[in-house]
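Structure file structure-v4.csv (CSV, C-alpha atoms (C1' of nucleotides)) is printed below.
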```csv
chain,number,residue,atom,x,y,z
C,975,MET,CA,105.1,76.4,139.4
C,976,PRO,CA,107.7,75.2,137.0
C,977,GLU,CA,110.3,77.7,135.8
C,978,LEU,CA,110.2,79.2,132.3
C,979,ASP,CA,113.1,77.9,130.2
C,980,ALA,CA,114.7,79.6,127.3
C,981,ILE,CA,112.2,78.3,124.8
C,982,ASP,CA,109.3,79.4,126.9
C,983,ARG,CA,110.8,82.9,127.1
C,984,LYS,CA,111.3,82.9,123.3
C,985,ILE,CA,107.7,81.9,122.8
C,986,LEU,CA,106.6,84.7,125.1
C,987,ALA,CA,108.8,87.3,123.4
C,988,LEU,CA,107.4,86.3,120.0
C,989,LEU,CA,103.8,86.2,121.0
C,990,GLN,CA,104.0,89.5,122.7
C,991,THR,CA,105.1,90.9,119.4
C,992,ASP,CA,102.8,89.0,117.1
C,993,SER,CA,100.1,86.6,118.3
C,994,ARG,CA,99.0,85.8,114.8
C,995,LEU,CA,102.0,83.7,114.1
C,996,THR,CA,100.9,80.2,113.1
C,997,MET,CA,102.0,77.3,115.3
C,998,GLN,CA,104.2,76.3,112.4
C,999,GLU,CA,105.9,79.7,112.2
C,1000,LEU,CA,106.3,79.9,115.9
C,1001,ALA,CA,107.7,76.4,116.1
C,1002,ASP,CA,110.2,77.1,113.4
C,1003,LYS,CA,111.4,80.3,115.2
C,1004,VAL,CA,111.9,78.5,118.5
C,1005,GLY,CA,113.4,75.4,117.0
C,1006,LEU,CA,110.7,72.9,117.8
C,1007,SER,CA,108.1,71.1,115.8
C,1008,VAL,CA,104.4,72.0,116.0
C,1009,SER,CA,103.3,69.6,118.7
C,1010,PRO,CA,105.5,70.5,121.6
C,1011,CYS,CA,105.3,74.1,120.7
C,1012,HIS,CA,101.6,74.0,120.8
C,1013,ARG,CA,101.7,72.2,124.1
C,1014,ARG,CA,104.0,74.8,125.6
C,1015,VAL,CA,101.7,77.6,124.5
C,1016,LYS,CA,98.7,75.9,126.1
C,1017,LEU,CA,100.6,75.4,129.3
C,1018,LEU,CA,101.6,79.0,129.4
C,1019,GLU,CA,98.0,80.0,129.0
C,1020,GLU,CA,96.8,77.5,131.7
C,1021,ARG,CA,99.5,78.7,134.1
C,1022,GLY,CA,98.3,82.3,133.6
C,1023,VAL,CA,101.6,83.4,132.2
C,1024,ILE,CA,99.9,84.3,128.9
C,1025,THR,CA,96.8,86.2,130.1
C,1026,ARG,CA,95.0,87.1,126.9
C,1027,TYR,CA,95.2,87.8,123.2
C,1028,ILE,CA,94.2,91.2,122.0
C,1029,ALA,CA,94.2,93.5,119.0
C,1030,THR,CA,95.9,96.9,119.4
C,1031,VAL,CA,94.3,99.9,117.8
C,1032,ASP,CA,95.8,103.1,116.6
C,1033,GLN,CA,95.0,106.0,119.0
C,1034,LYS,CA,95.1,108.6,116.3
C,1035,ALA,CA,92.8,106.6,114.0
C,1036,LEU,CA,90.2,106.7,116.8
C,1037,GLY,CA,90.7,110.5,117.0
C,1038,LEU,CA,92.0,110.3,120.6
C,1039,HIS,CA,94.5,113.1,120.4
C,1040,VAL,CA,95.0,113.8,124.1
C,1041,SER,CA,97.0,111.8,126.6
C,1042,VAL,CA,97.1,113.0,130.1
C,1043,PHE,CA,98.8,111.9,133.3
C,1044,ILE,CA,96.9,112.8,136.4
C,1045,SER,CA,98.4,112.9,139.9
C,1046,ILE,CA,95.8,112.5,142.6
C,1047,LYS,CA,96.0,112.9,146.4
C,1048,LEU,CA,93.2,111.6,148.5
C,1049,ALA,CA,92.0,113.3,151.7
C,1050,ARG,CA,92.4,110.0,153.6
C,1051,GLN,CA,94.3,106.9,152.7
C,1052,LYS,CA,92.4,104.3,154.7
C,1053,GLU,CA,91.9,101.0,152.9
C,1054,GLU,CA,88.2,101.8,152.4
C,1055,ASP,CA,89.0,105.1,150.7
C,1056,LEU,CA,91.5,103.4,148.4
C,1057,ASN,CA,89.1,100.7,147.4
C,1058,ARG,CA,86.3,103.1,146.7
C,1059,PHE,CA,88.6,105.1,144.5
C,1060,ALA,CA,89.9,102.0,142.7
C,1061,ARG,CA,86.4,100.8,142.0
C,1062,ALA,CA,85.3,104.1,140.5
C,1063,ILE,CA,88.4,104.4,138.3
C,1064,SER,CA,88.1,100.9,137.0
C,1065,LYS,CA,84.7,101.6,135.5
C,1066,TRP,CA,85.9,104.5,133.3
C,1067,ASP,CA,87.1,103.6,129.8
C,1068,GLU,CA,89.1,106.8,129.5
C,1069,VAL,CA,91.4,105.7,132.3
C,1070,LEU,CA,93.8,103.2,130.7
C,1071,GLU,CA,96.2,102.9,133.6
C,1072,CYS,CA,96.1,103.7,137.3
C,1073,TYR,CA,98.9,103.1,139.9
C,1074,LEU,CA,99.0,103.5,143.6
C,1075,MET,CA,102.2,105.4,144.2
C,1076,THR,CA,104.8,106.1,146.8
C,1077,GLY,CA,105.8,109.7,147.4
C,1078,ASN,CA,103.7,112.8,147.5
C,1079,ARG,CA,100.9,111.7,145.4
C,1080,ASP,CA,98.6,108.8,146.0
C,1081,TYR,CA,97.7,107.8,142.4
C,1082,LEU,CA,99.0,108.3,139.0
C,1083,LEU,CA,96.5,107.8,136.1
C,1084,ARG,CA,96.9,107.8,132.4
C,1085,VAL,CA,93.8,109.0,130.6
C,1086,VAL,CA,93.0,109.4,126.9
C,1087,ALA,CA,90.5,111.7,125.3
C,1088,ALA,CA,89.5,113.0,121.9
C,1089,ASP,CA,90.4,116.6,122.6
C,1090,LEU,CA,90.7,119.1,125.4
C,1091,SER,CA,87.0,119.7,125.8
C,1092,SER,CA,86.2,116.0,126.1
C,1093,TYR,CA,89.0,115.8,128.7
C,1094,GLU,CA,87.5,118.7,130.5
C,1095,ALA,CA,84.2,116.8,130.4
C,1096,PHE,CA,85.8,113.8,131.9
C,1097,LEU,CA,87.2,115.9,134.8
C,1098,LYS,CA,84.0,117.8,135.4
C,1099,ASN,CA,81.5,114.9,135.1
C,1100,LYS,CA,83.6,112.1,136.5
C,1101,LEU,CA,86.8,112.6,138.3
C,1102,THR,CA,86.0,115.8,140.3
C,1103,ARG,CA,82.7,114.3,141.4
C,1104,LEU,CA,84.4,111.6,143.4
C,1105,ASP,CA,84.4,112.1,147.1
C,1106,GLY,CA,87.6,112.2,149.1
C,1107,ILE,CA,89.9,113.7,146.6
C,1108,ALA,CA,92.3,116.3,148.0
C,1109,SER,CA,94.0,117.4,144.8
C,1110,ILE,CA,94.2,116.7,141.1
C,1111,GLU,CA,97.1,117.7,138.8
C,1112,SER,CA,97.1,117.1,135.1
C,1113,SER,CA,100.2,116.8,133.0
C,1114,PHE,CA,99.8,116.6,129.2
C,1115,ALA,CA,101.8,114.4,126.9
C,1116,LEU,CA,102.9,116.2,123.7
C,1117,SER,CA,103.8,112.9,122.0
C,1118,GLN,CA,104.2,109.2,122.6
C,1119,VAL,CA,107.9,108.5,122.2
C,1120,LYS,CA,107.5,104.8,123.0
C,1121,TYR,CA,104.6,102.6,123.8
C,1122,SER,CA,105.1,98.9,124.3
C,1123,ILE,CA,103.0,96.2,125.8
C,1124,ALA,CA,105.8,93.6,125.6
C,1125,LEU,CA,107.4,92.9,129.0
C,1126,PRO,CA,111.1,92.0,128.9
C,1127,VAL,CA,111.6,88.3,129.1
S,3,MET,CA,89.6,107.7,105.0
S,4,PRO,CA,86.1,106.5,105.5
S,5,GLU,CA,84.5,106.9,108.9
S,6,LEU,CA,84.1,104.1,111.4
S,7,ASP,CA,80.5,103.1,111.8
S,8,ALA,CA,78.8,101.6,114.8
S,9,ILE,CA,79.6,98.0,113.7
S,10,ASP,CA,83.3,98.9,113.1
S,11,ARG,CA,83.5,100.3,116.6
S,12,LYS,CA,81.9,97.3,118.1
S,13,ILE,CA,84.4,95.0,116.3
S,14,LEU,CA,87.2,97.1,117.6
S,15,ALA,CA,85.9,97.0,121.2
S,16,LEU,CA,85.5,93.2,121.0
S,17,LEU,CA,88.9,92.5,119.4
S,18,GLN,CA,90.7,94.8,121.9
S,19,THR,CA,89.3,92.6,124.6
S,20,ASP,CA,89.7,89.2,122.9
S,21,SER,CA,91.3,88.7,119.5
S,22,ARG,CA,90.8,85.0,119.7
S,23,LEU,CA,87.2,85.2,119.0
S,24,THR,CA,86.4,83.3,115.8
S,25,MET,CA,84.9,85.2,112.9
S,26,GLN,CA,81.7,83.3,113.6
S,27,GLU,CA,81.6,84.5,117.2
S,28,LEU,CA,82.6,88.0,116.3
S,29,ALA,CA,80.0,88.1,113.5
S,30,ASP,CA,77.3,86.9,115.8
S,31,LYS,CA,78.1,89.5,118.4
S,32,VAL,CA,78.0,92.4,115.9
S,33,GLY,CA,75.0,91.1,114.1
S,34,LEU,CA,76.5,90.2,110.7
S,35,SER,CA,77.3,87.0,109.0
S,36,VAL,CA,80.9,85.8,108.7
S,37,SER,CA,81.8,87.2,105.2
S,38,PRO,CA,81.1,90.9,105.8
S,39,CYS,CA,82.5,90.7,109.3
S,40,HIS,CA,85.7,89.3,108.0
S,41,ARG,CA,86.0,91.9,105.3
S,42,ARG,CA,85.5,94.7,107.8
S,43,VAL,CA,88.2,93.3,110.0
S,44,LYS,CA,90.6,93.1,107.0
S,45,LEU,CA,89.8,96.6,106.1
S,46,LEU,CA,90.5,97.8,109.6
S,47,GLU,CA,93.8,96.1,109.4
S,48,GLU,CA,94.7,97.6,106.0
S,49,ARG,CA,93.6,101.1,107.0
S,50,GLY,CA,95.9,100.8,110.0
S,51,VAL,CA,93.1,101.1,112.6
S,52,ILE,CA,94.0,97.7,113.9
S,53,THR,CA,97.8,97.8,114.3
S,54,ARG,CA,98.7,94.4,115.5
S,55,TYR,CA,97.6,91.3,117.4
S,56,ILE,CA,99.5,90.4,120.5
S,57,ALA,CA,99.5,88.2,123.6
S,58,THR,CA,99.6,89.8,127.0
S,59,VAL,CA,101.8,88.3,129.7
S,60,ASP,CA,101.5,88.5,133.5
S,61,GLN,CA,104.1,90.8,135.0
S,62,LYS,CA,104.2,88.9,138.3
S,63,ALA,CA,104.6,85.6,136.5
S,64,LEU,CA,107.8,87.0,134.9
S,65,GLY,CA,109.0,88.1,138.2
S,66,LEU,CA,108.9,91.8,137.3
S,67,HIS,CA,107.8,93.2,140.7
S,68,VAL,CA,108.9,96.7,140.3
S,69,SER,CA,107.2,99.4,138.2
S,70,VAL,CA,108.7,102.9,138.2
S,71,PHE,CA,107.7,106.2,136.7
S,72,ILE,CA,110.7,108.4,135.9
S,73,SER,CA,110.6,112.1,135.3
S,74,ILE,CA,113.4,113.4,133.2
S,75,LYS,CA,114.7,116.8,132.3
S,76,LEU,CA,117.2,117.3,129.6
S,77,ALA,CA,119.9,120.0,129.7
S,78,ARG,CA,118.8,121.3,126.3
S,79,GLN,CA,115.6,120.7,124.3
S,80,LYS,CA,116.7,121.1,120.8
S,81,GLU,CA,115.2,118.7,118.3
S,82,GLU,CA,118.5,116.9,118.0
S,83,ASP,CA,118.7,116.3,121.8
S,84,LEU,CA,115.2,115.0,121.8
S,85,ASN,CA,115.8,112.6,119.0
S,86,ARG,CA,118.9,111.3,120.5
S,87,PHE,CA,117.1,110.6,123.8
S,88,ALA,CA,114.2,109.0,122.0
S,89,ARG,CA,116.5,106.7,120.0
S,90,ALA,CA,118.3,105.5,123.2
S,91,ILE,CA,115.1,105.0,125.1
S,92,SER,CA,113.5,103.0,122.3
S,93,LYS,CA,116.2,100.4,122.4
S,94,TRP,CA,115.7,99.4,126.0
S,95,ASP,CA,113.2,96.7,126.8
S,96,GLU,CA,112.7,97.9,130.4
S,97,VAL,CA,111.1,101.1,129.1
S,98,LEU,CA,107.6,100.3,128.2
S,99,GLU,CA,106.3,103.8,127.8
S,100,CYS,CA,107.9,107.1,127.2
S,101,TYR,CA,106.1,110.5,126.7
S,102,LEU,CA,107.3,113.9,125.8
S,103,MET,CA,105.5,116.1,128.3
S,104,THR,CA,104.4,119.7,128.9
S,105,GLY,CA,105.2,121.3,132.2
S,106,ASN,CA,108.3,121.1,134.3
S,107,ARG,CA,109.7,117.8,133.2
S,108,ASP,CA,110.6,116.8,129.6
S,109,TYR,CA,109.9,113.1,129.6
S,110,LEU,CA,107.8,110.7,131.6
S,111,LEU,CA,108.9,107.0,131.4
S,112,ARG,CA,107.3,103.8,132.7
S,113,VAL,CA,110.0,101.2,133.5
S,114,VAL,CA,109.7,97.7,134.8
S,115,ALA,CA,112.3,95.6,136.6
S,116,ALA,CA,112.6,92.4,138.5
S,117,ASP,CA,113.6,94.1,141.8
S,118,LEU,CA,115.2,97.2,143.1
S,119,SER,CA,118.7,96.1,142.4
S,120,SER,CA,118.0,95.4,138.8
S,121,TYR,CA,116.3,98.7,138.6
S,122,GLU,CA,119.4,100.3,140.1
S,123,ALA,CA,121.4,98.4,137.4
S,124,PHE,CA,119.2,100.0,134.7
S,125,LEU,CA,119.8,103.4,136.1
S,126,LYS,CA,123.5,103.0,136.6
S,127,ASN,CA,124.3,101.2,133.4
S,128,LYS,CA,121.9,102.8,131.0
S,129,LEU,CA,119.8,105.8,131.9
S,130,THR,CA,122.4,107.8,133.8
S,131,ARG,CA,125.0,107.1,131.1
S,132,LEU,CA,123.1,109.1,128.6
S,133,ASP,CA,124.5,112.5,127.7
S,134,GLY,CA,122.4,115.7,128.1
S,135,ILE,CA,120.2,114.6,131.1
S,136,ALA,CA,119.8,117.4,133.6
S,137,SER,CA,117.7,115.5,136.2
S,138,ILE,CA,116.1,112.1,136.9
S,139,GLU,CA,113.4,111.5,139.5
S,140,SER,CA,111.9,108.1,140.2
S,141,SER,CA,108.4,107.4,141.6
S,142,PHE,CA,107.6,103.9,142.5
S,143,ALA,CA,104.3,102.2,142.0
S,144,LEU,CA,103.0,100.2,145.0
S,145,SER,CA,100.4,98.5,142.9
S,146,GLN,CA,98.7,98.5,139.5
S,147,VAL,CA,95.1,99.5,140.2
S,148,LYS,CA,94.1,99.4,136.5
S,149,TYR,CA,96.0,98.5,133.4
S,150,SER,CA,94.1,98.4,130.1
S,151,ILE,CA,95.2,98.4,126.5
S,152,ALA,CA,91.7,98.9,125.2
S,153,LEU,CA,91.2,102.4,123.9
S,154,PRO,CA,87.6,103.8,124.3
S,155,VAL,CA,85.7,103.4,121.0
P,1164,DC,C1',128.5,53.1,133.1
P,1165,DG,C1',124.0,51.2,132.0
P,1166,DA,C1',119.3,50.6,132.9
P,1167,DT,C1',114.8,52.4,134.2
P,1168,DG,C1',111.1,55.7,134.4
P,1169,DA,C1',109.5,60.3,133.5
P,1170,DA,C1',109.2,64.0,130.6
P,1171,DT,C1',109.4,65.9,126.2
P,1172,DT,C1',109.3,65.6,121.4
P,1173,DG,C1',107.6,64.8,116.5
P,1174,DG,C1',104.4,63.0,112.9
P,1175,DT,C1',99.8,62.3,111.4
P,1176,DA,C1',95.0,62.7,111.0
P,1177,DA,C1',90.7,64.9,112.2
P,1178,DA,C1',88.3,69.0,113.5
P,1179,DA,C1',87.8,73.8,113.5
P,1180,DT,C1',88.6,78.1,111.3
P,1181,DA,C1',89.9,81.5,107.9
P,1182,DT,C1',89.5,83.0,103.4
P,1183,DC,C1',87.8,83.6,98.7
P,1184,DC,C1',84.3,83.8,95.1
P,1185,DC,C1',79.9,85.0,93.4
P,1186,DA,C1',75.1,85.9,93.6
P,1187,DA,C1',71.6,88.5,96.2
P,1188,DT,C1',70.3,92.4,98.8
P,1189,DA,C1',70.5,97.0,100.4
P,1190,DT,C1',71.9,101.9,99.9
P,1191,DT,C1',72.8,106.1,97.6
P,1192,DG,C1',72.3,109.8,94.3
P,1193,DG,C1',70.0,111.8,90.7
F,899,DC,C1',61.5,105.5,90.8
F,900,DC,C1',65.6,103.9,88.7
F,901,DA,C1',70.3,103.0,88.0
F,902,DA,C1',74.8,102.6,90.0
F,903,DT,C1',77.5,101.4,93.9
F,904,DA,C1',78.5,99.4,98.1
F,905,DT,C1',77.5,95.8,101.3
F,906,DT,C1',75.9,91.4,102.6
F,907,DG,C1',75.3,86.2,102.9
F,908,DG,C1',76.2,81.4,101.6
F,909,DG,C1',79.1,77.9,100.2
F,910,DA,C1',83.5,75.8,98.6
F,911,DT,C1',88.4,75.5,99.5
F,912,DA,C1',92.7,76.3,101.8
F,913,DT,C1',94.8,76.9,106.1
F,914,DT,C1',95.4,76.2,110.8
F,915,DT,C1',94.5,74.2,115.3
F,916,DT,C1',94.1,70.4,118.0
F,917,DA,C1',94.4,65.6,119.8
F,918,DC,C1',96.5,61.2,119.8
F,919,DC,C1',100.3,58.0,120.0
F,920,DA,C1',104.8,56.3,119.1
F,921,DA,C1',109.7,57.6,119.4
F,922,DT,C1',113.3,60.1,121.5
F,923,DT,C1',115.6,62.5,125.1
F,924,DC,C1',116.8,63.4,129.8
F,925,DA,C1',117.5,62.6,134.6
F,926,DT,C1',118.1,59.3,138.5
F,927,DC,C1',119.7,55.6,140.8
F,928,DG,C1',121.8,51.2,141.3
```
Whole structure given in structure tokens:
Amino acid sequence: MPELDAIDRKILALLQTDSRLTMQELADKVGLSVSPCHRRVKLLEERGVITRYIATVDQKALGLHVSVFISIKLARQKEEDLNRFARAISKWDEVLECYLMTGNRDYLLRVVAADLSSYEAFLKNKLTRLDGIASIESSFALSQVKYSIALPV
Amino acid sequence: MPELDAIDRKILALLQTDSRLTMQELADKVGLSVSPCHRRVKLLEERGVITRYIATVDQKALGLHVSVFISIKLARQKEEDLNRFARAISKWDEVLECYLMTGNRDYLLRVVAADLSSYEAFLKNKLTRLDGIASIESSFALSQVKYSIALPV
DNA sequence: CGATGAATTGGTAAAATATCCCAATATTGG
DNA sequence: CCAATATTGGGATATTTTACCAATTCATCG
């Protein structure tokens, strides 16, 4: 796996901000002509450094006014229990992020919902119906101060 | 602000997954021809429903092996204190997410770093140097079970 | 230093795609 | 049922991506 040089990193920084740049614009910004710039981007895709291209959507515009962080402890932490939990979580579109954590909780989830009652529905119909959950604790976000997808390069 | 109909929502769901679909492919999938599909996408952009187009990058490929959630309490919670904190946080690339929270902490941050020592450097050189912070508590993520940018439509 | 080979670059042309215009169709309100 | 409005579909044009090949740069070794 060849290292990423300064130009690769600049390409990544730019595409993480705006993937609709044309190859010409991107090439100008990184100081290359179109051909080598294009080849670098393709290589970054093939190597799995660039994983996908997506559109981002405004949460408010979709009417998703509630963001919740949920701390979860499982009754047991055997691999089988963890896998079962991970599989269930992954199916649900409301769960945007889920992390296996150190410390006194097992999982931390970020969930979005239209309002409190639909969040309640998510809890009642989905999360609390899972087996093997010892405790659930919800923390509500009042506002999103920062949300970025761009990893530091 | 006109409502989003079923086709709009399908377009959003698809573009949140893959923004490199051609208009022809997108049109086929939503059951329209290219022209109206294209016009709908442009309208979604103009209305601010689609906010941007970006490339996503593999965290491991960049060598960012550490993900941390940080709970922060401020000494005071006046608007001015909150704004000052928000401005500082927003400048730092390591901070991918920051939420103002209900409950016993004021902020929840998600931070990425290459390793523990660079996380330590972030704490020492940046976060702990901010005025007005009453407490900082780090929780480490062992693994990312799910990470999605696609909001449910 | 200079020569050799490998890797990277840049220009050009062809193919694919986005974008715009206008006529045709469908939808809404009276 | 009709008129007015909004939405759709097709085709022409402009833009962009992509592939190819020669030229340049870079690193290595004698």
With a cut-off of 12 Å and counting only C-alpha atoms (C1' of nucleotides), select all residues of chain F in contact with chain C and give the selection as a list in words. DT913, DT914, DT915, DT916, DA917 and DC918 of chain F
For atom CA of Gln1033 of chain C and atom CA of Tyr109 of chain S, determine how far apart the two atoms are, in Å to one decimal place.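 Going from atom CA of Gln1033 of chain C over to atom CA of Tyr109 of chain S, I get 19.6 Å.
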Within 9 Å of Ala116 of chain S, counting all atoms listed in the file, which residues show up once you throw out same-chain ones fewer than 6 positions away? Write them as a list in words, please.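 Residues near the query, excluding close chain neighbours: Leu64, Gly65, Leu66, His67, Val68 and Ser69 of chain S.
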Mind pulling up the distance from atom CA of Arg54 of chain S to atom CA of Asp992 of chain C? 7.0 Å
Chain C residues within 8 Å of chain S, counting all atoms listed in the file: which ones, as a PyMOL selection string? chain C and resi 986+989-994+1022-1033+1035-1036+1060+1063-1064+1067-1068+1070-1077+1086+1113-1127
One decimal, Å: what's the distance from atom CA of Ile1044 of chain C over to atom CA of Ile1110 of chain C, could you say?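 Interatomic distance here is 6.7 Å.
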Ranking P:DG1174, P:DG1165, P:DG1192, P:DC1185 by minimum distance to chain C and counting all atoms listed in the file, which one comes first? P:DG1174
Could you produce a table of the residues of chain P lying within 8 Å of chain C, with the nearest pair of atoms per residue and their separation in Å rounded to one decimal, using all atoms listed in the file, ordered by chain and increasing residue number, as a Markdown table?
```
| residue | atom | partner | partner_atom | distance |
| --- | --- | --- | --- | --- |
| P:DT1171 | C1' | C:Pro1010 | CA | 7.6 |
| P:DT1172 | C1' | C:Pro1010 | CA | 6.2 |
| P:DG1173 | C1' | C:Ser1007 | CA | 6.4 |
```
Between F:DA904, F:DA921, F:DC927, F:DA912, which one has atoms that come closest to DC1164 of chain P, using all atoms listed in the file?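 So, comparing all the options, the nearest one is F:DC927.
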In file coordinates, which residues lie within 8 Å of (72.1, 95.7, 98.5) using only C-alpha atoms (C1' of nucleotides), given as a list in words? DA1187, DT1188, DA1189 and DT1190 of chain P; DA904, DT905 and DT906 of chain F
